[in-house]
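Source file: query_11.pdb (PDB, C-alpha atoms and all ligand atoms)
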ATOM      1  CA  MET A   1     -21.611  22.899-129.893  1.00  0.00           C
ATOM      2  CA  GLN A   2     -23.812  25.787-130.976  1.00  0.00           C
ATOM      3  CA  ALA A   3     -27.061  26.970-129.509  1.00  0.00           C
ATOM      4  CA  ILE A   4     -29.548  29.699-130.309  1.00  0.00           C
ATOM      5  CA  ILE A   5     -29.789  32.067-127.380  1.00  0.00           C
ATOM      6  CA  VAL A   6     -32.166  34.987-127.024  1.00  0.00           C
ATOM      7  CA  CYS A   7     -30.669  37.993-125.249  1.00  0.00           C
ATOM      8  CA  LYS A   8     -32.642  38.729-122.066  1.00  0.00           C
ATOM      9  CA  ILE A   9     -31.967  42.452-122.383  1.00  0.00           C
ATOM     10  CA  CYS A  10     -32.519  43.269-126.075  1.00  0.00           C
ATOM     11  CA  ALA A  11     -34.281  40.070-127.275  1.00  0.00           C
ATOM     12  CA  LEU A  12     -31.933  39.463-130.213  1.00  0.00           C
ATOM     13  CA  ALA A  13     -31.741  35.770-131.093  1.00  0.00           C
ATOM     14  CA  GLN A  14     -28.251  34.632-132.066  1.00  0.00           C
ATOM     15  CA  TYR A  15     -26.071  31.585-132.537  1.00  0.00           C
ATOM     16  CA  VAL A  16     -23.633  31.140-129.670  1.00  0.00           C
ATOM     17  CA  ARG A  17     -20.861  28.616-129.331  1.00  0.00           C
ATOM     18  CA  GLU A  18     -20.630  26.803-125.985  1.00  0.00           C
ATOM     19  CA  PRO A  19     -18.321  29.098-123.979  1.00  0.00           C
ATOM     20  CA  GLN A  20     -15.085  27.741-122.556  1.00  0.00           C
ATOM     21  CA  PRO A  21     -14.660  27.583-118.766  1.00  0.00           C
ATOM     22  CA  ASP A  22     -14.162  30.986-117.150  1.00  0.00           C
ATOM     23  CA  THR A  23     -15.401  32.845-120.220  1.00  0.00           C
ATOM     24  CA  ALA A  24     -18.741  34.383-121.032  1.00  0.00           C
ATOM     25  CA  ALA A  25     -20.616  34.918-124.291  1.00  0.00           C
ATOM     26  CA  GLU A  26     -21.758  38.479-124.932  1.00  0.00           C
ATOM     27  CA  CYS A  27     -24.740  39.669-126.916  1.00  0.00           C
ATOM     28  CA  ARG A  28     -23.683  40.795-130.400  1.00  0.00           C
ATOM     29  CA  ARG A  29     -25.988  43.806-130.292  1.00  0.00           C
ATOM     30  CA  CYS A  30     -26.096  45.152-126.724  1.00  0.00           C
ATOM     31  CA  GLY A  31     -23.101  43.479-125.065  1.00  0.00           C
ATOM     32  CA  SER A  32     -25.046  41.870-122.200  1.00  0.00           C
ATOM     33  CA  ILE A  33     -23.837  38.521-120.936  1.00  0.00           C
ATOM     34  CA  LEU A  34     -25.772  35.715-122.632  1.00  0.00           C
ATOM     35  CA  THR A  35     -24.267  32.672-120.990  1.00  0.00           C
ATOM     36  CA  GLN A  36     -21.247  31.830-118.940  1.00  0.00           C
ATOM     37  CA  VAL A  37     -19.574  28.780-117.501  1.00  0.00           C
ATOM     38  CA  LYS A  38     -18.898  29.029-113.795  1.00  0.00           C
ATOM     39  CA  VAL A  39     -15.556  27.491-112.848  1.00  0.00           C
ATOM     40  CA  ASN A  40     -15.493  24.895-110.066  1.00  0.00           C
ATOM     41  CA  SER A  41     -19.144  25.632-109.473  1.00  0.00           C
ATOM     42  CA  LEU A  42     -19.788  22.611-107.260  1.00  0.00           C
ATOM     43  CA  ALA A  43     -16.658  22.932-105.125  1.00  0.00           C
ATOM     44  CA  ARG A  44     -17.253  26.654-104.594  1.00  0.00           C
ATOM     45  CA  THR A  45     -20.934  26.229-103.763  1.00  0.00           C
ATOM     46  CA  ALA A  46     -20.108  23.394-101.349  1.00  0.00           C
ATOM     47  CA  ALA A  47     -17.327  25.403 -99.647  1.00  0.00           C
ATOM     48  CA  PHE A  48     -19.428  28.557 -99.215  1.00  0.00           C
ATOM     49  CA  SER A  49     -22.452  26.552 -98.005  1.00  0.00           C
ATOM     50  CA  LEU A  50     -20.374  24.623 -95.482  1.00  0.00           C
ATOM     51  CA  ALA A  51     -18.766  27.822 -94.175  1.00  0.00           C
ATOM     52  CA  ALA A  52     -22.218  29.418 -93.879  1.00  0.00           C
ATOM     53  CA  LEU A  53     -23.525  26.371 -92.020  1.00  0.00           C
ATOM     54  CA  ILE A  54     -20.631  26.605 -89.541  1.00  0.00           C
ATOM     55  CA  PHE A  55     -21.342  30.315 -88.909  1.00  0.00           C
ATOM     56  CA  TYR A  56     -25.052  29.502 -88.533  1.00  0.00           C
ATOM     57  CA  VAL A  57     -24.308  27.995 -85.097  1.00  0.00           C
ATOM     58  CA  PRO A  58     -22.693  31.066 -83.420  1.00  0.00           C
ATOM     59  CA  ALA A  59     -25.174  33.300 -85.262  1.00  0.00           C
ATOM     60  CA  ASN A  60     -27.960  31.662 -83.280  1.00  0.00           C
ATOM     61  CA  VAL A  61     -26.137  30.835 -80.041  1.00  0.00           C
ATOM     62  CA  TYR A  62     -24.552  34.263 -79.368  1.00  0.00           C
ATOM     63  CA  PRO A  63     -26.547  37.456 -78.794  1.00  0.00           C
ATOM     64  CA  ILE A  64     -27.046  39.557 -81.902  1.00  0.00           C
ATOM     65  CA  VAL A  65     -27.867  42.656 -79.882  1.00  0.00           C
ATOM     66  CA  ARG A  66     -26.862  43.988 -76.473  1.00  0.00           C
ATOM     67  CA  MET A  67     -28.902  46.728 -74.904  1.00  0.00           C
ATOM     68  CA  GLU A  68     -28.589  49.008 -71.945  1.00  0.00           C
ATOM     69  CA  PHE A  69     -31.772  50.731 -70.945  1.00  0.00           C
ATOM     70  CA  TYR A  70     -31.742  52.949 -67.831  1.00  0.00           C
ATOM     71  CA  GLY A  71     -29.116  50.747 -66.197  1.00  0.00           C
ATOM     72  CA  ALA A  72     -30.801  47.473 -67.099  1.00  0.00           C
ATOM     73  CA  TYR A  73     -28.562  45.366 -69.329  1.00  0.00           C
ATOM     74  CA  SER A  74     -29.896  42.728 -71.654  1.00  0.00           C
ATOM     75  CA  GLU A  75     -28.591  40.476 -74.381  1.00  0.00           C
ATOM     76  CA  SER A  76     -30.754  38.868 -77.021  1.00  0.00           C
ATOM     77  CA  THR A  77     -30.209  36.047 -79.418  1.00  0.00           C
ATOM     78  CA  VAL A  78     -32.412  35.814 -82.506  1.00  0.00           C
ATOM     79  CA  TRP A  79     -34.593  33.250 -80.714  1.00  0.00           C
ATOM     80  CA  ASP A  80     -34.906  35.485 -77.585  1.00  0.00           C
ATOM     81  CA  GLY A  81     -36.031  38.277 -79.877  1.00  0.00           C
ATOM     82  CA  CYS A  82     -38.706  36.078 -81.458  1.00  0.00           C
ATOM     83  CA  VAL A  83     -39.986  34.951 -78.041  1.00  0.00           C
ATOM     84  CA  LYS A  84     -40.096  38.550 -76.729  1.00  0.00           C
ATOM     85  CA  LEU A  85     -41.949  39.777 -79.809  1.00  0.00           C
ATOM     86  CA  PHE A  86     -44.420  36.912 -79.487  1.00  0.00           C
ATOM     87  CA  GLN A  87     -45.021  37.661 -75.783  1.00  0.00           C
ATOM     88  CA  ASP A  88     -45.587  41.319 -76.632  1.00  0.00           C
ATOM     89  CA  GLY A  89     -48.350  40.293 -79.016  1.00  0.00           C
ATOM     90  CA  GLN A  90     -46.269  41.115 -82.105  1.00  0.00           C
ATOM     91  CA  TRP A  91     -46.742  37.588 -83.355  1.00  0.00           C
ATOM     92  CA  LEU A  92     -46.684  38.537 -87.043  1.00  0.00           C
ATOM     93  CA  VAL A  93     -43.298  40.248 -86.682  1.00  0.00           C
ATOM     94  CA  ALA A  94     -42.118  37.340 -84.523  1.00  0.00           C
ATOM     95  CA  ILE A  95     -43.025  34.858 -87.267  1.00  0.00           C
ATOM     96  CA  ILE A  96     -41.342  36.982 -89.964  1.00  0.00           C
ATOM     97  CA  VAL A  97     -38.133  37.294 -87.926  1.00  0.00           C
ATOM     98  CA  PHE A  98     -38.175  33.568 -87.119  1.00  0.00           C
ATOM     99  CA  LEU A  99     -38.662  32.631 -90.785  1.00  0.00           C
ATOM    100  CA  ALA A 100     -36.265  35.198 -92.242  1.00  0.00           C
ATOM    101  CA  SER A 101     -33.399  34.655 -89.833  1.00  0.00           C
ATOM    102  CA  MET A 102     -33.644  31.097 -88.557  1.00  0.00           C
ATOM    103  CA  LEU A 103     -35.698  28.804 -90.773  1.00  0.00           C
ATOM    104  CA  ILE A 104     -35.149  30.162 -94.312  1.00  0.00           C
ATOM    105  CA  PRO A 105     -31.319  30.439 -94.066  1.00  0.00           C
ATOM    106  CA  LEU A 106     -31.169  26.842 -92.848  1.00  0.00           C
ATOM    107  CA  PHE A 107     -33.463  25.598 -95.619  1.00  0.00           C
ATOM    108  CA  LYS A 108     -31.423  27.528 -98.199  1.00  0.00           C
ATOM    109  CA  LEU A 109     -28.204  25.874 -97.057  1.00  0.00           C
ATOM    110  CA  LEU A 110     -29.793  22.416 -96.989  1.00  0.00           C
ATOM    111  CA  GLY A 111     -31.259  23.086-100.453  1.00  0.00           C
ATOM    112  CA  LEU A 112     -27.857  24.113-101.828  1.00  0.00           C
ATOM    113  CA  GLY A 113     -26.282  21.011-100.266  1.00  0.00           C
ATOM    114  CA  PHE A 114     -28.934  18.886-101.975  1.00  0.00           C
ATOM    115  CA  LEU A 115     -28.296  20.599-105.347  1.00  0.00           C
ATOM    116  CA  VAL A 116     -24.515  20.142-105.052  1.00  0.00           C
ATOM    117  CA  ALA A 117     -24.780  16.472-104.012  1.00  0.00           C
ATOM    118  CA  THR A 118     -27.204  15.523-106.800  1.00  0.00           C
ATOM    119  CA  ALA A 119     -25.207  17.435-109.448  1.00  0.00           C
ATOM    120  CA  LYS A 120     -21.967  15.867-108.203  1.00  0.00           C
ATOM    121  CA  PHE A 121     -23.333  12.372-108.774  1.00  0.00           C
ATOM    122  CA  ARG A 122     -24.878  13.487-112.087  1.00  0.00           C
ATOM    123  CA  SER A 123     -28.261  12.367-110.903  1.00  0.00           C
ATOM    124  CA  ALA A 124     -30.983  12.515-113.538  1.00  0.00           C
ATOM    125  CA  ARG A 125     -33.740  12.269-110.950  1.00  0.00           C
ATOM    126  CA  LEU A 126     -36.047  15.059-109.775  1.00  0.00           C
ATOM    127  CA  ARG A 127     -34.628  17.544-112.285  1.00  0.00           C
ATOM    128  CA  HIS A 128     -37.723  19.706-112.362  1.00  0.00           C
ATOM    129  CA  GLU A 129     -37.882  19.747-108.556  1.00  0.00           C
ATOM    130  CA  ARG A 130     -34.187  20.633-108.378  1.00  0.00           C
ATOM    131  CA  THR A 131     -34.688  23.455-110.863  1.00  0.00           C
ATOM    132  CA  TRP A 132     -37.518  24.750-108.667  1.00  0.00           C
ATOM    133  CA  THR A 133     -35.317  24.470-105.588  1.00  0.00           C
ATOM    134  CA  TYR A 134     -32.692  26.602-107.329  1.00  0.00           C
ATOM    135  CA  LYS A 135     -35.272  29.182-108.394  1.00  0.00           C
ATOM    136  CA  ILE A 136     -36.785  29.412-104.903  1.00  0.00           C
ATOM    137  CA  ILE A 137     -33.324  29.834-103.321  1.00  0.00           C
ATOM    138  CA  ASN A 138     -32.626  32.723-105.696  1.00  0.00           C
ATOM    139  CA  VAL A 139     -35.995  34.362-105.084  1.00  0.00           C
ATOM    140  CA  VAL A 140     -35.766  34.286-101.275  1.00  0.00           C
ATOM    141  CA  GLY A 141     -32.098  35.333-101.368  1.00  0.00           C
ATOM    142  CA  PRO A 142     -32.499  39.085-100.813  1.00  0.00           C
ATOM    143  CA  TRP A 143     -35.006  38.545 -97.970  1.00  0.00           C
ATOM    144  CA  ALA A 144     -32.286  37.047 -95.803  1.00  0.00           C
ATOM    145  CA  MET A 145     -30.821  40.557 -95.614  1.00  0.00           C
ATOM    146  CA  LEU A 146     -34.083  41.822 -94.177  1.00  0.00           C
ATOM    147  CA  ASP A 147     -33.333  41.612 -90.503  1.00  0.00           C
ATOM    148  CA  VAL A 148     -29.732  42.800 -90.707  1.00  0.00           C
ATOM    149  CA  PHE A 149     -31.295  45.846 -92.335  1.00  0.00           C
ATOM    150  CA  LEU A 150     -34.079  46.098 -89.738  1.00  0.00           C
ATOM    151  CA  LEU A 151     -31.581  45.825 -86.908  1.00  0.00           C
ATOM    152  CA  ALA A 152     -29.454  48.585 -88.438  1.00  0.00           C
ATOM    153  CA  VAL A 153     -32.538  50.812 -88.638  1.00  0.00           C
ATOM    154  CA  LEU A 154     -33.448  49.961 -85.035  1.00  0.00           C
ATOM    155  CA  VAL A 155     -29.956  50.771 -83.771  1.00  0.00           C
ATOM    156  CA  ALA A 156     -29.972  54.060 -85.701  1.00  0.00           C
ATOM    157  CA  LEU A 157     -33.433  55.039 -84.386  1.00  0.00           C
ATOM    158  CA  VAL A 158     -32.635  54.190 -80.782  1.00  0.00           C
ATOM    159  CA  LYS A 159     -29.358  56.098 -81.031  1.00  0.00           C
ATOM    160  CA  LEU A 160     -31.238  59.104 -82.398  1.00  0.00           C
ATOM    161  CA  GLU A 161     -33.722  59.039 -79.555  1.00  0.00           C
ATOM    162  CA  GLN A 162     -30.983  58.538 -76.951  1.00  0.00           C
ATOM    163  CA  LEU A 163     -33.288  56.073 -75.232  1.00  0.00           C
ATOM    164  CA  ALA A 164     -30.907  53.253 -74.743  1.00  0.00           C
ATOM    165  CA  THR A 165     -27.456  52.065 -75.621  1.00  0.00           C
ATOM    166  CA  VAL A 166     -27.718  49.425 -78.312  1.00  0.00           C
ATOM    167  CA  LEU A 167     -24.638  47.546 -79.356  1.00  0.00           C
ATOM    168  CA  PRO A 168     -24.260  44.772 -81.913  1.00  0.00           C
ATOM    169  CA  GLY A 169     -23.431  41.445 -80.253  1.00  0.00           C
ATOM    170  CA  PRO A 170     -20.956  38.815 -81.478  1.00  0.00           C
ATOM    171  CA  GLY A 171     -23.829  36.846 -82.994  1.00  0.00           C
ATOM    172  CA  LEU A 172     -24.486  39.675 -85.458  1.00  0.00           C
ATOM    173  CA  LEU A 173     -21.056  39.272 -87.033  1.00  0.00           C
ATOM    174  CA  ALA A 174     -21.654  35.542 -87.476  1.00  0.00           C
ATOM    175  CA  PHE A 175     -25.143  36.261 -88.757  1.00  0.00           C
ATOM    176  CA  THR A 176     -23.810  38.680 -91.379  1.00  0.00           C
ATOM    177  CA  ALA A 177     -21.245  36.051 -92.383  1.00  0.00           C
ATOM    178  CA  VAL A 178     -24.065  33.514 -92.886  1.00  0.00           C
ATOM    179  CA  VAL A 179     -25.956  35.980 -95.106  1.00  0.00           C
ATOM    180  CA  VAL A 180     -22.910  36.893 -97.230  1.00  0.00           C
ATOM    181  CA  LEU A 181     -21.628  33.298 -97.556  1.00  0.00           C
ATOM    182  CA  THR A 182     -25.088  32.049 -98.541  1.00  0.00           C
ATOM    183  CA  ILE A 183     -25.323  34.707-101.263  1.00  0.00           C
ATOM    184  CA  LEU A 184     -21.875  33.669-102.555  1.00  0.00           C
ATOM    185  CA  ALA A 185     -22.903  29.991-102.423  1.00  0.00           C
ATOM    186  CA  SER A 186     -26.085  30.443-104.430  1.00  0.00           C
ATOM    187  CA  ALA A 187     -24.275  32.734-106.910  1.00  0.00           C
ATOM    188  CA  SER A 188     -21.590  30.058-107.430  1.00  0.00           C
ATOM    189  CA  PHE A 189     -24.043  27.325-108.342  1.00  0.00           C
ATOM    190  CA  ASP A 190     -24.467  26.771-112.054  1.00  0.00           C
ATOM    191  CA  PRO A 191     -28.061  25.589-112.689  1.00  0.00           C
ATOM    192  CA  LYS A 192     -26.983  24.063-116.017  1.00  0.00           C
ATOM    193  CA  LEU A 193     -25.357  21.299-113.962  1.00  0.00           C
ATOM    194  CA  ILE A 194     -28.826  20.067-112.975  1.00  0.00           C
ATOM    195  CA  TRP A 195     -29.494  19.245-116.627  1.00  0.00           C
ATOM    196  CA  GLN A 196     -26.098  17.880-117.636  1.00  0.00           C
ATOM    197  CA  ASP A 197     -25.975  14.605-119.504  1.00  0.00           C
ATOM    198  CA  PRO A 198     -25.195  11.832-116.972  1.00  0.00           C
ATOM    199  CA  ASP A 199     -23.057  10.008-119.541  1.00  0.00           C
ATOM    200  CA  ALA A 200     -21.064  13.029-120.743  1.00  0.00           C
ATOM    201  CA  GLY A 201     -17.460  13.422-119.580  1.00  0.00           C
ATOM    202  CA  SER A 202     -16.686  16.097-116.987  1.00  0.00           C
TER     203      SER A 202
HETATM  204 ZN    ZN B   1     -28.652  42.034-126.321  1.00  0.00          ZN
END

Would you kindly transcribe this structure into structure tokens?
Amino acid sequence: MQAIIVCKICALAQYVREPQPDTAAECRRCGSILTQVKVNSLARTAAFSLAALIFYVPANVYPIVRMEFYGAYSESTVWDGCVKLFQDGQWLVAIIVFLASMLIPLFKLLGLGFLVATAKFRSARLRHERTWTYKIINVVGPWAMLDVFLLAVLVALVKLEQLATVLPGPGLLAFTAVVVLTILASASFDPKLIWQDPDAGS
């Protein structure tokens, strides 16, 4: 099967044959990748999402940061951090942290699960909505890194000031695993599967 594909980088329109699994079609002029078939897309997306979902539990149950401040020792989970920020009147930051590290990762994983399940059963329903789900998951992707980054900055700043001893807690490792596995999961999903012909062979 042939299709006309316009290169996203150099805008050259060209005929491209449907690539075989595990191969990619390159642009004739600039060499950018035009289209590729992701191998075992559904199984990979499902495996990464499930692993991320498992790590989501310790990421929220265990403290992500441990702090010693003039002899006072404290441990904070993500939720503790949100509550403390809220009590300190930093409600905007509290909401951002809550969304970026608790709600959005969970919604991303549920969204990926929904995409995998509907593509697995070759559902022809809600295709536009599913395409939007995929787009939204890709757009919010980088923002999940936000608070790992913020925490790293915080630890570095506090270390510089010698104010307190800040150590990453076990939850942070799990949290990082959730972020990385979710990125791998959304990168493994092939959006073309949303639009596959329900009657075509696999
Ligand atoms: Zn090109």

Problem - Option closest in space to ligand ZN 1 (chain B), from A:Val16, A:Ile33, A:Ala124, A:Ala3 [counting only C-alpha atoms and all ligand atoms] - result: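 Nearest candidate to ligand ZN 1 (chain B) out of A:Val16, A:Ile33, A:Ala124, A:Ala3: A:Ile33.
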
Exercise for the section: Measure the distance from atom CA of A:Ala187 to atom CA of A:Val97 in Å and round it to one decimal. Expected result: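 Atom CA of A:Ala187 sits 23.9 Å away from atom CA of A:Val97.
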
Fill in the blank from the handout: Computed gap from atom CA of A:Lys8 to atom CA of A:Thr45 is 25.1 Å

For chain A against ligand ZN 1 (chain B), with a cut-off of 8 Å and counting all atoms listed in the file, what is the closest atom pair and its distance in Å to one decimal for every residue that makes the cut, ordered by chain and number, as a Markdown table?
| residue | atom | partner | partner_atom | distance |
| --- | --- | --- | --- | --- |
| A:Val6 | CA | B:ZN1 | ZN | 7.9 |
| A:Cys7 | CA | B:ZN1 | ZN | 4.6 |
| A:Lys8 | CA | B:ZN1 | ZN | 6.7 |
| A:Ile9 | CA | B:ZN1 | ZN | 5.2 |
| A:Cys10 | CA | B:ZN1 | ZN | 4.1 |
| A:Ala11 | CA | B:ZN1 | ZN | 6.0 |
| A:Leu12 | CA | B:ZN1 | ZN | 5.7 |
| A:Glu26 | CA | B:ZN1 | ZN | 7.9 |
| A:Cys27 | CA | B:ZN1 | ZN | 4.6 |
| A:Arg28 | CA | B:ZN1 | ZN | 6.5 |
| A:Arg29 | CA | B:ZN1 | ZN | 5.1 |
| A:Cys30 | CA | B:ZN1 | ZN | 4.1 |
| A:Gly31 | CA | B:ZN1 | ZN | 5.9 |
| A:Ser32 | CA | B:ZN1 | ZN | 5.5 |
| A:Leu34 | CA | B:ZN1 | ZN | 7.9 |

Practice task
Specify as a ChimeraX atom specification each residue included when the PyMOL selection byres (((chain A and resi 75) around 12) and not hetatm) is applied to this file.
Solution key: /A:61-69,72-74,76-81,84,165-172

Problem - Which of A:Lys120, A:Pro19, A:Ala177, A:Gln36 sits closest to A:Val57 [using all atoms listed in the file] - result: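 Distance minimum relative to A:Val57 lands on A:Ala177.
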
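Using the PyMOL selection byres (((chain A and resi 14) around 6) and not hetatm) on the file at hand returns these residues: Ile4, Ile5, Ala13 and Tyr15 of chain A.
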
Handout entry: Two-atom distance - atom CA of A:Lys192, atom CA of A:Phe121 (Å)
Key =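 Atom CA of A:Lys192 sits 14.2 Å away from atom CA of A:Phe121.
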
Handout entry: Residues near stretch 129-144 of chain A, cut-off 12 Å, only C-alpha atoms, skip fewer than 4 positions along chain, as JSON, numbers by chain
Key = {"A": [96, 97, 98, 99, 100, 101, 102, 103, 104, 105, 106, 107, 108, 109, 110, 111, 112, 113, 114, 115, 116, 117, 118, 119, 123, 124, 125, 148, 149, 150, 175, 176, 177, 178, 179, 180, 181, 182, 183, 184, 185, 186, 187, 188, 189, 190, 191, 192, 193, 194, 195]}

Practice task
Using all atoms listed in the file, find all polymer residues with an atom at most 9 Å away from the point (-10.5, 31.3, -118.1); report them as number ranges by chain.
Solution key: A: 20-23, 39

Any chance you could work out the axis-aligned box around stretch 115-120 of chain A, listed atoms only, 5 Å on each side, giving centre and edge lengths in Å to one decimal, as AutoDock Vina command-line options?
--center_x -25.1 --center_y 18.1 --center_z -106.7 --size_x 16.3 --size_y 15.1 --size_z 15.4

Completion exercise
Restricting to only C-alpha atoms, whichever of A:Val37, A:Ala46, A:Ala52, A:Ile95 is closest to A:Ala25 is A:Val37
